[in-house]
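So this one's work26.cif, mmCIF, N, CA and C atoms:
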```cif
data_input
loop_
_atom_site.label_atom_id
_atom_site.label_comp_id
_atom_site.auth_asym_id
_atom_site.auth_seq_id
_atom_site.Cartn_x
_atom_site.Cartn_y
_atom_site.Cartn_z
N MET A 1138 -8.20 33.44 -12.73
CA MET A 1138 -6.95 32.70 -12.61
C MET A 1138 -6.89 31.72 -13.78
N ASN A 1139 -5.77 31.74 -14.51
CA ASN A 1139 -5.66 30.82 -15.63
C ASN A 1139 -5.26 29.43 -15.15
N LYS A 1140 -5.36 28.48 -16.05
CA LYS A 1140 -5.12 27.08 -15.71
C LYS A 1140 -3.71 26.85 -15.17
N GLN A 1141 -2.70 27.51 -15.79
CA GLN A 1141 -1.32 27.32 -15.35
C GLN A 1141 -1.13 27.85 -13.94
N ASN A 1142 -1.69 29.03 -13.63
CA ASN A 1142 -1.56 29.57 -12.28
C ASN A 1142 -2.27 28.69 -11.27
N ALA A 1143 -3.43 28.15 -11.63
CA ALA A 1143 -4.17 27.27 -10.73
C ALA A 1143 -3.37 26.01 -10.43
N LEU A 1144 -2.73 25.44 -11.46
CA LEU A 1144 -1.92 24.24 -11.26
C LEU A 1144 -0.70 24.55 -10.40
N THR A 1145 -0.07 25.70 -10.65
CA THR A 1145 1.09 26.09 -9.85
C THR A 1145 0.70 26.27 -8.39
N LEU A 1146 -0.43 26.94 -8.15
CA LEU A 1146 -0.91 27.16 -6.78
C LEU A 1146 -1.21 25.83 -6.10
N ALA A 1147 -1.84 24.90 -6.81
CA ALA A 1147 -2.14 23.59 -6.23
C ALA A 1147 -0.87 22.83 -5.89
N LEU A 1148 0.14 22.90 -6.77
CA LEU A 1148 1.40 22.22 -6.52
C LEU A 1148 2.11 22.82 -5.31
N VAL A 1149 2.16 24.13 -5.24
CA VAL A 1149 2.81 24.80 -4.12
C VAL A 1149 2.10 24.47 -2.82
N ALA A 1150 0.77 24.47 -2.85
CA ALA A 1150 0.00 24.14 -1.64
C ALA A 1150 0.32 22.73 -1.19
N SER A 1151 0.43 21.79 -2.13
CA SER A 1151 0.73 20.41 -1.74
C SER A 1151 2.15 20.30 -1.18
N LEU A 1152 3.09 21.08 -1.69
CA LEU A 1152 4.44 21.06 -1.16
C LEU A 1152 4.53 21.73 0.20
N ALA A 1153 3.65 22.66 0.45
CA ALA A 1153 3.67 23.37 1.72
C ALA A 1153 3.05 22.56 2.84
N LEU A 1154 2.30 21.52 2.51
CA LEU A 1154 1.65 20.73 3.55
C LEU A 1154 2.63 20.16 4.57
N PRO A 1155 3.78 19.61 4.13
CA PRO A 1155 4.72 19.13 5.14
C PRO A 1155 5.19 20.25 6.07
N LEU A 1156 5.36 21.47 5.55
CA LEU A 1156 5.74 22.58 6.41
C LEU A 1156 4.62 22.92 7.38
N ALA A 1157 3.36 22.83 6.92
CA ALA A 1157 2.22 23.14 7.78
C ALA A 1157 2.13 22.15 8.93
N ALA A 1158 2.52 20.90 8.69
CA ALA A 1158 2.46 19.90 9.75
C ALA A 1158 3.39 20.26 10.89
N GLU A 1159 4.44 21.02 10.60
CA GLU A 1159 5.37 21.47 11.62
C GLU A 1159 5.38 23.00 11.60
N ALA A 1160 4.18 23.57 11.58
CA ALA A 1160 4.05 25.01 11.44
C ALA A 1160 4.77 25.76 12.54
N LYS A 1161 5.15 26.98 12.21
CA LYS A 1161 5.80 27.92 13.13
C LYS A 1161 7.05 27.32 13.76
N VAL A 1162 8.06 27.14 12.92
CA VAL A 1162 9.32 26.61 13.42
C VAL A 1162 10.13 27.74 14.07
N SER A 1163 11.18 27.39 14.74
CA SER A 1163 12.03 28.39 15.37
C SER A 1163 12.75 29.22 14.31
N ALA A 1164 13.24 30.38 14.72
CA ALA A 1164 14.00 31.22 13.80
C ALA A 1164 15.25 30.49 13.31
N ALA A 1165 15.87 29.69 14.19
CA ALA A 1165 17.06 28.93 13.81
C ALA A 1165 16.73 27.90 12.74
N GLU A 1166 15.59 27.23 12.87
CA GLU A 1166 15.18 26.26 11.85
C GLU A 1166 14.83 26.97 10.55
N ALA A 1167 14.12 28.09 10.63
CA ALA A 1167 13.74 28.85 9.43
C ALA A 1167 14.99 29.37 8.71
N ALA A 1168 16.04 29.67 9.45
CA ALA A 1168 17.26 30.19 8.85
C ALA A 1168 17.94 29.15 7.95
N LYS A 1169 17.58 27.89 8.08
CA LYS A 1169 18.15 26.84 7.24
C LYS A 1169 17.57 26.88 5.82
N LEU A 1170 16.39 27.51 5.67
CA LEU A 1170 15.77 27.60 4.34
C LEU A 1170 16.69 28.37 3.40
N GLY A 1171 16.96 27.77 2.23
CA GLY A 1171 17.84 28.40 1.25
C GLY A 1171 19.31 28.18 1.53
N LYS A 1172 19.62 27.56 2.65
CA LYS A 1172 21.02 27.26 2.97
C LYS A 1172 21.21 25.75 2.91
N GLU A 1173 21.05 25.04 4.07
CA GLU A 1173 21.16 23.58 3.99
C GLU A 1173 19.87 22.92 3.52
N LEU A 1174 18.78 23.69 3.55
CA LEU A 1174 17.50 23.24 2.98
C LEU A 1174 17.20 24.07 1.74
N THR A 1175 16.42 23.51 0.83
CA THR A 1175 15.96 24.29 -0.31
C THR A 1175 15.05 25.39 0.22
N PRO A 1176 14.71 26.38 -0.58
CA PRO A 1176 13.84 27.45 -0.11
C PRO A 1176 12.44 26.99 0.31
N VAL A 1177 12.06 25.75 -0.06
CA VAL A 1177 10.76 25.24 0.38
C VAL A 1177 10.90 24.11 1.40
N GLY A 1178 12.12 23.87 1.90
CA GLY A 1178 12.30 22.98 3.04
C GLY A 1178 12.81 21.58 2.78
N ALA A 1179 13.18 21.23 1.57
CA ALA A 1179 13.74 19.90 1.29
C ALA A 1179 15.24 19.91 1.57
N GLU A 1180 15.81 18.73 1.77
CA GLU A 1180 17.26 18.62 1.92
C GLU A 1180 17.93 19.14 0.66
N LYS A 1181 18.87 20.03 0.80
CA LYS A 1181 19.57 20.59 -0.36
C LYS A 1181 20.70 19.67 -0.83
N ALA A 1182 21.37 19.04 0.11
CA ALA A 1182 22.51 18.19 -0.22
C ALA A 1182 22.06 16.92 -0.92
N GLY A 1183 22.94 16.40 -1.76
CA GLY A 1183 22.70 15.09 -2.35
C GLY A 1183 23.17 14.02 -1.37
N ASN A 1184 23.18 12.80 -1.84
CA ASN A 1184 23.61 11.71 -0.96
C ASN A 1184 25.00 11.19 -1.31
N GLY A 1185 25.69 11.91 -2.19
CA GLY A 1185 27.02 11.46 -2.58
C GLY A 1185 26.98 10.32 -3.58
N GLY A 1186 25.79 9.98 -4.03
CA GLY A 1186 25.64 8.89 -4.99
C GLY A 1186 24.65 9.26 -6.08
N ALA A 1187 23.55 8.54 -6.12
CA ALA A 1187 22.57 8.71 -7.20
C ALA A 1187 21.74 9.98 -7.08
N ILE A 1188 21.63 10.54 -5.88
CA ILE A 1188 20.81 11.74 -5.69
C ILE A 1188 21.72 12.96 -5.64
N PRO A 1189 21.63 13.83 -6.65
CA PRO A 1189 22.49 15.01 -6.67
C PRO A 1189 21.99 16.10 -5.72
N ALA A 1190 22.85 17.04 -5.42
CA ALA A 1190 22.44 18.20 -4.63
C ALA A 1190 21.46 19.05 -5.45
N TRP A 1191 20.56 19.74 -4.77
CA TRP A 1191 19.65 20.68 -5.44
C TRP A 1191 20.42 21.96 -5.67
N GLU A 1192 20.43 22.43 -6.91
CA GLU A 1192 21.21 23.62 -7.26
C GLU A 1192 20.34 24.71 -7.87
N GLY A 1193 19.07 24.73 -7.52
CA GLY A 1193 18.19 25.77 -8.00
C GLY A 1193 17.11 25.31 -8.96
N GLY A 1194 17.26 24.11 -9.51
CA GLY A 1194 16.25 23.57 -10.40
C GLY A 1194 16.23 24.27 -11.76
N ILE A 1195 15.20 23.97 -12.52
CA ILE A 1195 15.04 24.58 -13.84
C ILE A 1195 14.44 25.97 -13.65
N THR A 1196 15.15 26.98 -14.06
CA THR A 1196 14.68 28.36 -13.88
C THR A 1196 14.45 29.08 -15.21
N LYS A 1197 14.82 28.42 -16.31
CA LYS A 1197 14.60 29.00 -17.63
C LYS A 1197 13.93 27.95 -18.50
N PRO A 1198 13.09 28.37 -19.44
CA PRO A 1198 12.44 27.39 -20.31
C PRO A 1198 13.47 26.56 -21.07
N PRO A 1199 13.20 25.26 -21.22
CA PRO A 1199 14.13 24.42 -22.00
C PRO A 1199 14.06 24.76 -23.48
N ALA A 1200 15.07 24.34 -24.21
CA ALA A 1200 15.10 24.55 -25.66
C ALA A 1200 13.84 23.98 -26.28
N GLY A 1201 13.27 24.71 -27.21
CA GLY A 1201 12.07 24.24 -27.90
C GLY A 1201 10.77 24.66 -27.24
N PHE A 1202 10.84 25.34 -26.09
CA PHE A 1202 9.62 25.77 -25.39
C PHE A 1202 8.98 26.93 -26.13
N THR A 1203 7.66 26.85 -26.30
CA THR A 1203 6.89 27.97 -26.84
C THR A 1203 5.72 28.21 -25.90
N LYS A 1204 5.52 29.46 -25.54
CA LYS A 1204 4.45 29.82 -24.61
C LYS A 1204 3.11 29.31 -25.12
N GLY A 1205 2.40 28.62 -24.24
CA GLY A 1205 1.11 28.06 -24.60
C GLY A 1205 1.20 26.71 -25.28
N GLY A 1206 2.40 26.27 -25.56
CA GLY A 1206 2.58 24.99 -26.26
C GLY A 1206 2.89 23.86 -25.29
N HIS A 1207 3.14 22.71 -25.86
CA HIS A 1207 3.53 21.53 -25.08
C HIS A 1207 4.90 21.78 -24.45
N HIS A 1208 5.07 21.38 -23.21
CA HIS A 1208 6.36 21.55 -22.54
C HIS A 1208 7.31 20.45 -22.98
N PRO A 1209 8.42 20.80 -23.61
CA PRO A 1209 9.37 19.78 -24.05
C PRO A 1209 10.08 19.13 -22.86
N ASP A 1210 10.49 17.91 -23.05
CA ASP A 1210 11.23 17.17 -22.02
C ASP A 1210 12.64 17.73 -21.95
N PRO A 1211 13.02 18.36 -20.83
CA PRO A 1211 14.38 18.92 -20.74
C PRO A 1211 15.46 17.85 -20.63
N PHE A 1212 15.05 16.61 -20.44
CA PHE A 1212 16.02 15.52 -20.28
C PHE A 1212 15.81 14.43 -21.33
N ALA A 1213 15.33 14.82 -22.51
CA ALA A 1213 15.01 13.85 -23.56
C ALA A 1213 16.22 13.01 -23.97
N ALA A 1214 17.41 13.54 -23.83
CA ALA A 1214 18.61 12.80 -24.25
C ALA A 1214 19.09 11.81 -23.19
N ASP A 1215 18.51 11.82 -22.00
CA ASP A 1215 18.93 10.89 -20.95
C ASP A 1215 18.73 9.45 -21.38
N LYS A 1216 19.65 8.62 -21.01
CA LYS A 1216 19.58 7.18 -21.23
C LYS A 1216 19.49 6.49 -19.87
N PRO A 1217 18.86 5.33 -19.79
CA PRO A 1217 18.81 4.62 -18.50
C PRO A 1217 20.22 4.30 -17.99
N THR A 1218 20.39 4.41 -16.69
CA THR A 1218 21.66 4.04 -16.07
C THR A 1218 21.72 2.53 -15.87
N LEU A 1219 20.56 1.89 -15.76
CA LEU A 1219 20.45 0.45 -15.68
C LEU A 1219 19.01 0.06 -15.97
N THR A 1220 18.80 -1.20 -16.26
CA THR A 1220 17.46 -1.72 -16.45
C THR A 1220 17.30 -2.90 -15.51
N ILE A 1221 16.27 -2.82 -14.67
CA ILE A 1221 16.00 -3.91 -13.73
C ILE A 1221 15.04 -4.87 -14.42
N THR A 1222 15.37 -6.15 -14.34
CA THR A 1222 14.57 -7.20 -14.97
C THR A 1222 14.33 -8.32 -13.96
N ALA A 1223 13.57 -9.31 -14.39
CA ALA A 1223 13.33 -10.48 -13.53
C ALA A 1223 14.64 -11.19 -13.20
N ALA A 1224 15.63 -11.07 -14.07
CA ALA A 1224 16.91 -11.75 -13.85
C ALA A 1224 17.79 -11.05 -12.81
N ASN A 1225 17.60 -9.72 -12.62
CA ASN A 1225 18.51 -9.01 -11.70
C ASN A 1225 17.80 -8.23 -10.59
N TYR A 1226 16.49 -8.34 -10.48
CA TYR A 1226 15.78 -7.49 -9.52
C TYR A 1226 16.17 -7.77 -8.07
N LYS A 1227 16.58 -8.98 -7.75
CA LYS A 1227 16.94 -9.29 -6.35
C LYS A 1227 18.18 -8.51 -5.92
N GLN A 1228 19.03 -8.14 -6.87
CA GLN A 1228 20.21 -7.32 -6.54
C GLN A 1228 19.80 -5.92 -6.10
N HIS A 1229 18.58 -5.50 -6.47
CA HIS A 1229 18.08 -4.16 -6.17
C HIS A 1229 16.89 -4.19 -5.23
N ALA A 1230 16.63 -5.33 -4.61
CA ALA A 1230 15.43 -5.52 -3.79
C ALA A 1230 15.32 -4.50 -2.66
N ASP A 1231 16.44 -4.04 -2.13
CA ASP A 1231 16.40 -3.07 -1.04
C ASP A 1231 15.84 -1.72 -1.47
N LYS A 1232 15.73 -1.49 -2.78
CA LYS A 1232 15.20 -0.23 -3.29
C LYS A 1232 13.85 -0.41 -3.98
N LEU A 1233 13.33 -1.63 -3.98
CA LEU A 1233 12.06 -1.92 -4.64
C LEU A 1233 10.98 -2.23 -3.62
N SER A 1234 9.76 -1.81 -3.93
CA SER A 1234 8.64 -2.14 -3.05
C SER A 1234 8.27 -3.61 -3.21
N VAL A 1235 7.47 -4.12 -2.30
CA VAL A 1235 6.99 -5.50 -2.39
C VAL A 1235 6.21 -5.68 -3.69
N GLY A 1236 5.42 -4.68 -4.05
CA GLY A 1236 4.63 -4.75 -5.28
C GLY A 1236 5.50 -4.80 -6.53
N GLN A 1237 6.55 -4.00 -6.55
CA GLN A 1237 7.46 -4.00 -7.69
C GLN A 1237 8.15 -5.35 -7.82
N GLN A 1238 8.57 -5.90 -6.69
CA GLN A 1238 9.21 -7.21 -6.72
C GLN A 1238 8.24 -8.28 -7.23
N ALA A 1239 6.98 -8.17 -6.84
CA ALA A 1239 5.96 -9.12 -7.28
C ALA A 1239 5.77 -9.03 -8.80
N MET A 1240 5.87 -7.83 -9.35
CA MET A 1240 5.75 -7.68 -10.81
C MET A 1240 6.83 -8.48 -11.53
N PHE A 1241 8.05 -8.41 -11.03
CA PHE A 1241 9.15 -9.16 -11.65
C PHE A 1241 8.92 -10.67 -11.53
N GLU A 1242 8.37 -11.11 -10.41
CA GLU A 1242 8.13 -12.53 -10.21
C GLU A 1242 6.97 -13.02 -11.07
N ARG A 1243 5.95 -12.21 -11.21
CA ARG A 1243 4.75 -12.64 -11.95
C ARG A 1243 4.89 -12.48 -13.46
N TYR A 1244 5.62 -11.44 -13.89
CA TYR A 1244 5.76 -11.15 -15.31
C TYR A 1244 7.24 -11.14 -15.69
N PRO A 1245 7.77 -12.27 -16.13
CA PRO A 1245 9.21 -12.36 -16.44
C PRO A 1245 9.70 -11.35 -17.47
N GLU A 1246 8.81 -10.84 -18.32
CA GLU A 1246 9.21 -9.87 -19.35
C GLU A 1246 9.19 -8.43 -18.84
N TYR A 1247 8.71 -8.22 -17.62
CA TYR A 1247 8.61 -6.88 -17.04
C TYR A 1247 10.00 -6.27 -16.90
N LYS A 1248 10.13 -4.99 -17.28
CA LYS A 1248 11.40 -4.27 -17.17
C LYS A 1248 11.17 -2.93 -16.50
N MET A 1249 12.17 -2.46 -15.81
CA MET A 1249 12.11 -1.15 -15.16
C MET A 1249 13.38 -0.38 -15.51
N PRO A 1250 13.31 0.50 -16.52
CA PRO A 1250 14.49 1.32 -16.80
C PRO A 1250 14.68 2.35 -15.70
N VAL A 1251 15.89 2.56 -15.27
CA VAL A 1251 16.21 3.52 -14.22
C VAL A 1251 17.03 4.65 -14.84
N TYR A 1252 16.51 5.86 -14.73
CA TYR A 1252 17.16 7.03 -15.32
C TYR A 1252 17.90 7.83 -14.26
N PRO A 1253 18.80 8.71 -14.68
CA PRO A 1253 19.50 9.56 -13.70
C PRO A 1253 18.51 10.39 -12.88
N THR A 1254 18.79 10.56 -11.63
CA THR A 1254 17.95 11.37 -10.75
C THR A 1254 18.23 12.84 -11.02
N ARG A 1255 17.19 13.62 -11.08
CA ARG A 1255 17.30 15.07 -11.28
C ARG A 1255 16.62 15.79 -10.14
N ARG A 1256 17.13 16.93 -9.78
CA ARG A 1256 16.50 17.80 -8.78
C ARG A 1256 16.13 19.08 -9.51
N SER A 1257 15.08 19.02 -10.33
CA SER A 1257 14.76 20.09 -11.26
C SER A 1257 13.68 21.05 -10.76
N ALA A 1258 13.09 20.81 -9.60
CA ALA A 1258 12.00 21.66 -9.11
C ALA A 1258 12.49 23.07 -8.80
N SER A 1259 11.69 24.04 -9.20
CA SER A 1259 11.95 25.44 -8.84
C SER A 1259 10.63 26.18 -8.83
N PHE A 1260 10.59 27.30 -8.13
CA PHE A 1260 9.39 28.12 -8.01
C PHE A 1260 9.76 29.59 -8.17
N PRO A 1261 8.78 30.43 -8.40
CA PRO A 1261 9.06 31.87 -8.45
C PRO A 1261 9.56 32.36 -7.08
N GLN A 1262 10.32 33.43 -7.09
CA GLN A 1262 10.90 33.97 -5.87
C GLN A 1262 9.83 34.28 -4.82
N ARG A 1263 8.65 34.72 -5.25
CA ARG A 1263 7.60 35.05 -4.28
C ARG A 1263 7.20 33.82 -3.44
N ILE A 1264 7.27 32.64 -4.01
CA ILE A 1264 6.95 31.42 -3.27
C ILE A 1264 8.01 31.18 -2.20
N TYR A 1265 9.27 31.36 -2.55
CA TYR A 1265 10.34 31.20 -1.57
C TYR A 1265 10.20 32.23 -0.45
N ASP A 1266 9.85 33.47 -0.80
CA ASP A 1266 9.68 34.52 0.20
C ASP A 1266 8.54 34.19 1.16
N PHE A 1267 7.42 33.74 0.61
CA PHE A 1267 6.28 33.39 1.47
C PHE A 1267 6.56 32.16 2.32
N THR A 1268 7.32 31.22 1.79
CA THR A 1268 7.68 30.04 2.57
C THR A 1268 8.51 30.45 3.77
N MET A 1269 9.47 31.35 3.55
CA MET A 1269 10.31 31.84 4.66
C MET A 1269 9.44 32.54 5.71
N LYS A 1270 8.53 33.40 5.26
CA LYS A 1270 7.65 34.11 6.20
C LYS A 1270 6.76 33.13 6.96
N ASN A 1271 6.15 32.20 6.24
CA ASN A 1271 5.23 31.26 6.87
C ASN A 1271 5.93 30.34 7.87
N ALA A 1272 7.21 30.08 7.65
CA ALA A 1272 7.94 29.17 8.53
C ALA A 1272 7.89 29.62 9.99
N THR A 1273 7.89 30.93 10.22
CA THR A 1273 7.90 31.43 11.60
C THR A 1273 6.59 32.08 12.04
N THR A 1274 5.61 32.20 11.12
CA THR A 1274 4.36 32.85 11.51
C THR A 1274 3.14 31.95 11.41
N ALA A 1275 3.12 31.02 10.49
CA ALA A 1275 1.93 30.18 10.29
C ALA A 1275 1.74 29.23 11.45
N GLU A 1276 0.48 29.02 11.83
CA GLU A 1276 0.16 28.13 12.93
C GLU A 1276 -1.01 27.24 12.56
N LEU A 1277 -0.97 26.01 13.07
CA LEU A 1277 -2.11 25.13 12.93
C LEU A 1277 -3.16 25.54 13.96
N VAL A 1278 -4.41 25.54 13.56
CA VAL A 1278 -5.52 25.85 14.46
C VAL A 1278 -6.60 24.78 14.29
N ALA A 1279 -7.59 24.81 15.16
CA ALA A 1279 -8.73 23.89 15.10
C ALA A 1279 -8.26 22.44 15.04
N ASP A 1280 -7.39 22.08 15.99
CA ASP A 1280 -6.87 20.73 16.07
C ASP A 1280 -6.22 20.26 14.76
N GLY A 1281 -5.55 21.18 14.07
CA GLY A 1281 -4.85 20.84 12.85
C GLY A 1281 -5.71 20.89 11.60
N ASP A 1282 -6.96 21.34 11.74
CA ASP A 1282 -7.84 21.42 10.57
C ASP A 1282 -7.81 22.77 9.88
N GLY A 1283 -6.94 23.66 10.34
CA GLY A 1283 -6.85 24.97 9.71
C GLY A 1283 -5.49 25.58 9.93
N ILE A 1284 -5.25 26.69 9.24
CA ILE A 1284 -3.97 27.42 9.36
C ILE A 1284 -4.28 28.89 9.59
N ALA A 1285 -3.56 29.49 10.50
CA ALA A 1285 -3.71 30.93 10.76
C ALA A 1285 -2.34 31.61 10.56
N ASN A 1286 -2.38 32.90 10.28
CA ASN A 1286 -1.18 33.73 10.14
C ASN A 1286 -0.26 33.27 9.02
N ALA A 1287 -0.84 32.75 7.95
CA ALA A 1287 -0.07 32.30 6.78
C ALA A 1287 -0.21 33.31 5.66
N ALA A 1288 0.89 33.56 4.97
CA ALA A 1288 0.86 34.50 3.85
C ALA A 1288 0.31 33.79 2.62
#
```
Turn the structure described in the file into structure tokens.
Amino acid sequence: MNKQNALTLALVASLALPLAAEAKVSAAEAAKLGKELTPVGAEKAGNGGAIPAWEGGITKPPAGFTKGGHHPDPFAADKPTLTITAANYKQHADKLSVGQQAMFERYPEYKMPVYPTRRSASFPQRIYDFTMKNATTAELVADGDGIANAA
């Protein structure tokens, strides 16, 4: 297994963990995959604001990609939509952790540029197919320490 396949497998396994926690869902719940849910179980819809709907993610290499080379930033031209600073962080406190707020209080020069939200995740079709199959067949065993009947 090459390094890229190993990393992909590890990423997919980590994304599948939330599905495993609710293993073997009903057929009605599984039918939501690829419709109101992404093929791996996330909310497909956006929030009507900063979070856009998922529309399939990046499925083709971005401009400048060369096999075996460094992966170019597909959003290199993005500019921050706002910059949070010590002067304005309280206006955004409902979206900041206690630790982030403490950074603004302790370090007046601290800045947090905020970029547009992207829903760029995508996987090969075989991952979507196995996710659909596992949704109705995989089961937790050994008090949640194992999985059975998973593809």
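Among the candidate residues A:Thr1203, A:Asn1184, A:Asn1286, A:Thr1175, the one lying nearest to A:Asn1271 is A:Asn1286, with distances computed using only N, CA and C atoms.
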Could you please write out, as a list of chain:residue names, every residue of stretch 1149-1274 of chain A that DSSP assigns to strand (DSSP E or B)?
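Written out, the strand (DSSP E or B) residues of stretch 1149-1274 of chain A are A:Leu1170, A:Leu1174, A:Glu1180, A:Leu1219, A:Thr1220, A:Ile1221, A:Thr1222, A:Lys1248, A:Met1249, A:Pro1250, A:Val1251.
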Just how far from atom CA of A:Leu1219 is atom N of A:Pro1250, in Å to one decimal?
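Calculated distance between atom N of A:Pro1250 and atom CA of A:Leu1219 is 7.2 Å.
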Result set, the PyMOL selection byres ((chain A and resi 1223-1232) around 8) on current file, as a PDB file with N, CA and C atoms, in the coordinates of the input:
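part_30.pdb written:
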```pdb
ATOM      1  N   THR A1220      18.800  -1.200 -16.260  1.00  0.00           N
ATOM      2  CA  THR A1220      17.460  -1.720 -16.450  1.00  0.00           C
ATOM      3  C   THR A1220      17.300  -2.900 -15.510  1.00  0.00           C
ATOM      4  N   ILE A1221      16.270  -2.820 -14.670  1.00  0.00           N
ATOM      5  CA  ILE A1221      16.000  -3.910 -13.730  1.00  0.00           C
ATOM      6  C   ILE A1221      15.040  -4.870 -14.420  1.00  0.00           C
ATOM      7  N   THR A1222      15.370  -6.150 -14.340  1.00  0.00           N
ATOM      8  CA  THR A1222      14.570  -7.200 -14.970  1.00  0.00           C
ATOM      9  C   THR A1222      14.330  -8.320 -13.960  1.00  0.00           C
ATOM     10  N   LEU A1233      13.330  -1.630  -3.980  1.00  0.00           N
ATOM     11  CA  LEU A1233      12.060  -1.920  -4.640  1.00  0.00           C
ATOM     12  C   LEU A1233      10.980  -2.230  -3.620  1.00  0.00           C
ATOM     13  N   SER A1234       9.760  -1.810  -3.930  1.00  0.00           N
ATOM     14  CA  SER A1234       8.640  -2.140  -3.050  1.00  0.00           C
ATOM     15  C   SER A1234       8.270  -3.610  -3.210  1.00  0.00           C
ATOM     16  N   VAL A1235       7.470  -4.120  -2.300  1.00  0.00           N
ATOM     17  CA  VAL A1235       6.990  -5.500  -2.390  1.00  0.00           C
ATOM     18  C   VAL A1235       6.210  -5.680  -3.690  1.00  0.00           C
ATOM     19  N   GLN A1238       8.570  -5.900  -6.690  1.00  0.00           N
ATOM     20  CA  GLN A1238       9.210  -7.210  -6.720  1.00  0.00           C
ATOM     21  C   GLN A1238       8.240  -8.280  -7.230  1.00  0.00           C
ATOM     22  N   MET A1240       5.870  -7.830  -9.350  1.00  0.00           N
ATOM     23  CA  MET A1240       5.750  -7.680 -10.810  1.00  0.00           C
ATOM     24  C   MET A1240       6.830  -8.480 -11.530  1.00  0.00           C
ATOM     25  N   PHE A1241       8.050  -8.410 -11.030  1.00  0.00           N
ATOM     26  CA  PHE A1241       9.150  -9.160 -11.650  1.00  0.00           C
ATOM     27  C   PHE A1241       8.920 -10.670 -11.530  1.00  0.00           C
ATOM     28  N   GLU A1242       8.370 -11.110 -10.410  1.00  0.00           N
ATOM     29  CA  GLU A1242       8.130 -12.530 -10.210  1.00  0.00           C
ATOM     30  C   GLU A1242       6.970 -13.020 -11.070  1.00  0.00           C
ATOM     31  N   ARG A1243       5.950 -12.210 -11.210  1.00  0.00           N
ATOM     32  CA  ARG A1243       4.750 -12.640 -11.950  1.00  0.00           C
ATOM     33  C   ARG A1243       4.890 -12.480 -13.460  1.00  0.00           C
ATOM     34  N   TYR A1244       5.620 -11.440 -13.890  1.00  0.00           N
ATOM     35  CA  TYR A1244       5.760 -11.150 -15.310  1.00  0.00           C
ATOM     36  C   TYR A1244       7.240 -11.140 -15.690  1.00  0.00           C
ATOM     37  N   PRO A1245       7.770 -12.270 -16.130  1.00  0.00           N
ATOM     38  CA  PRO A1245       9.210 -12.360 -16.440  1.00  0.00           C
ATOM     39  C   PRO A1245       9.700 -11.350 -17.470  1.00  0.00           C
ATOM     40  N   GLU A1246       8.810 -10.840 -18.320  1.00  0.00           N
ATOM     41  CA  GLU A1246       9.210  -9.870 -19.350  1.00  0.00           C
ATOM     42  C   GLU A1246       9.190  -8.430 -18.840  1.00  0.00           C
ATOM     43  N   TYR A1247       8.710  -8.220 -17.620  1.00  0.00           N
ATOM     44  CA  TYR A1247       8.610  -6.880 -17.040  1.00  0.00           C
ATOM     45  C   TYR A1247      10.000  -6.270 -16.900  1.00  0.00           C
ATOM     46  N   LYS A1248      10.130  -4.990 -17.280  1.00  0.00           N
ATOM     47  CA  LYS A1248      11.400  -4.270 -17.170  1.00  0.00           C
ATOM     48  C   LYS A1248      11.170  -2.930 -16.500  1.00  0.00           C
ATOM     49  N   MET A1249      12.170  -2.460 -15.810  1.00  0.00           N
ATOM     50  CA  MET A1249      12.110  -1.150 -15.160  1.00  0.00           C
ATOM     51  C   MET A1249      13.380  -0.380 -15.510  1.00  0.00           C
TER      52      MET A1249
END
```
To verify the selection step, state as an MDAnalysis selection string which residues the PyMOL selection byres (((chain A and resi 1253 and name CA) around 12) and name CA) yields on this input.
chainID A and resid 1186:1189 1212:1220 1250:1252 1254:1257
With the file shown as input, list the residues that the PyMOL selection byres ((chain A and resi 1260) around 8) selects, as a ChimeraX atom specification.
/A:1193-1196,1257-1259,1261-1265
One decimal, Å: what's the distance from atom N of A:Trp1191 over to atom C of A:Ala1179, could you say?
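Computed distance, atom N of A:Trp1191 to atom C of A:Ala1179, equals 8.3 Å.
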Identify all residues of stretch 1143-1264 of chain A in alpha helix (DSSP H) (DSSP on the backbone) and supply them as a PyMOL selection string.
chain A and resi 1143-1158+1164-1167+1235-1243+1262-1264
So the first atom is atom N of A:Pro1199 and the second is atom CA of A:Lys1169; what is the distance between them in Å, to one decimal place?
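Pair atom N of A:Pro1199 / atom CA of A:Lys1169 returns 28.9 Å.
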Mind working out the centre and edge lengths of an axis-aligned box for stretch 1210-1227 of chain A, all listed atoms inside, 6 Å added to each side, rounded to one decimal in Å and written as AutoDock Vina command-line options?
```
--center_x 16.1 --center_y 3.6 --center_z -15.1 --size_x 23.2 --size_y 42.7 --size_z 30.3
```
Contact residues around A:Lys1172 with only C-alpha atoms at 9 Å, ignoring same-chain residues under 4 positions, as an MDAnalysis selection string:
chainID A and resid 1168 1176 1181
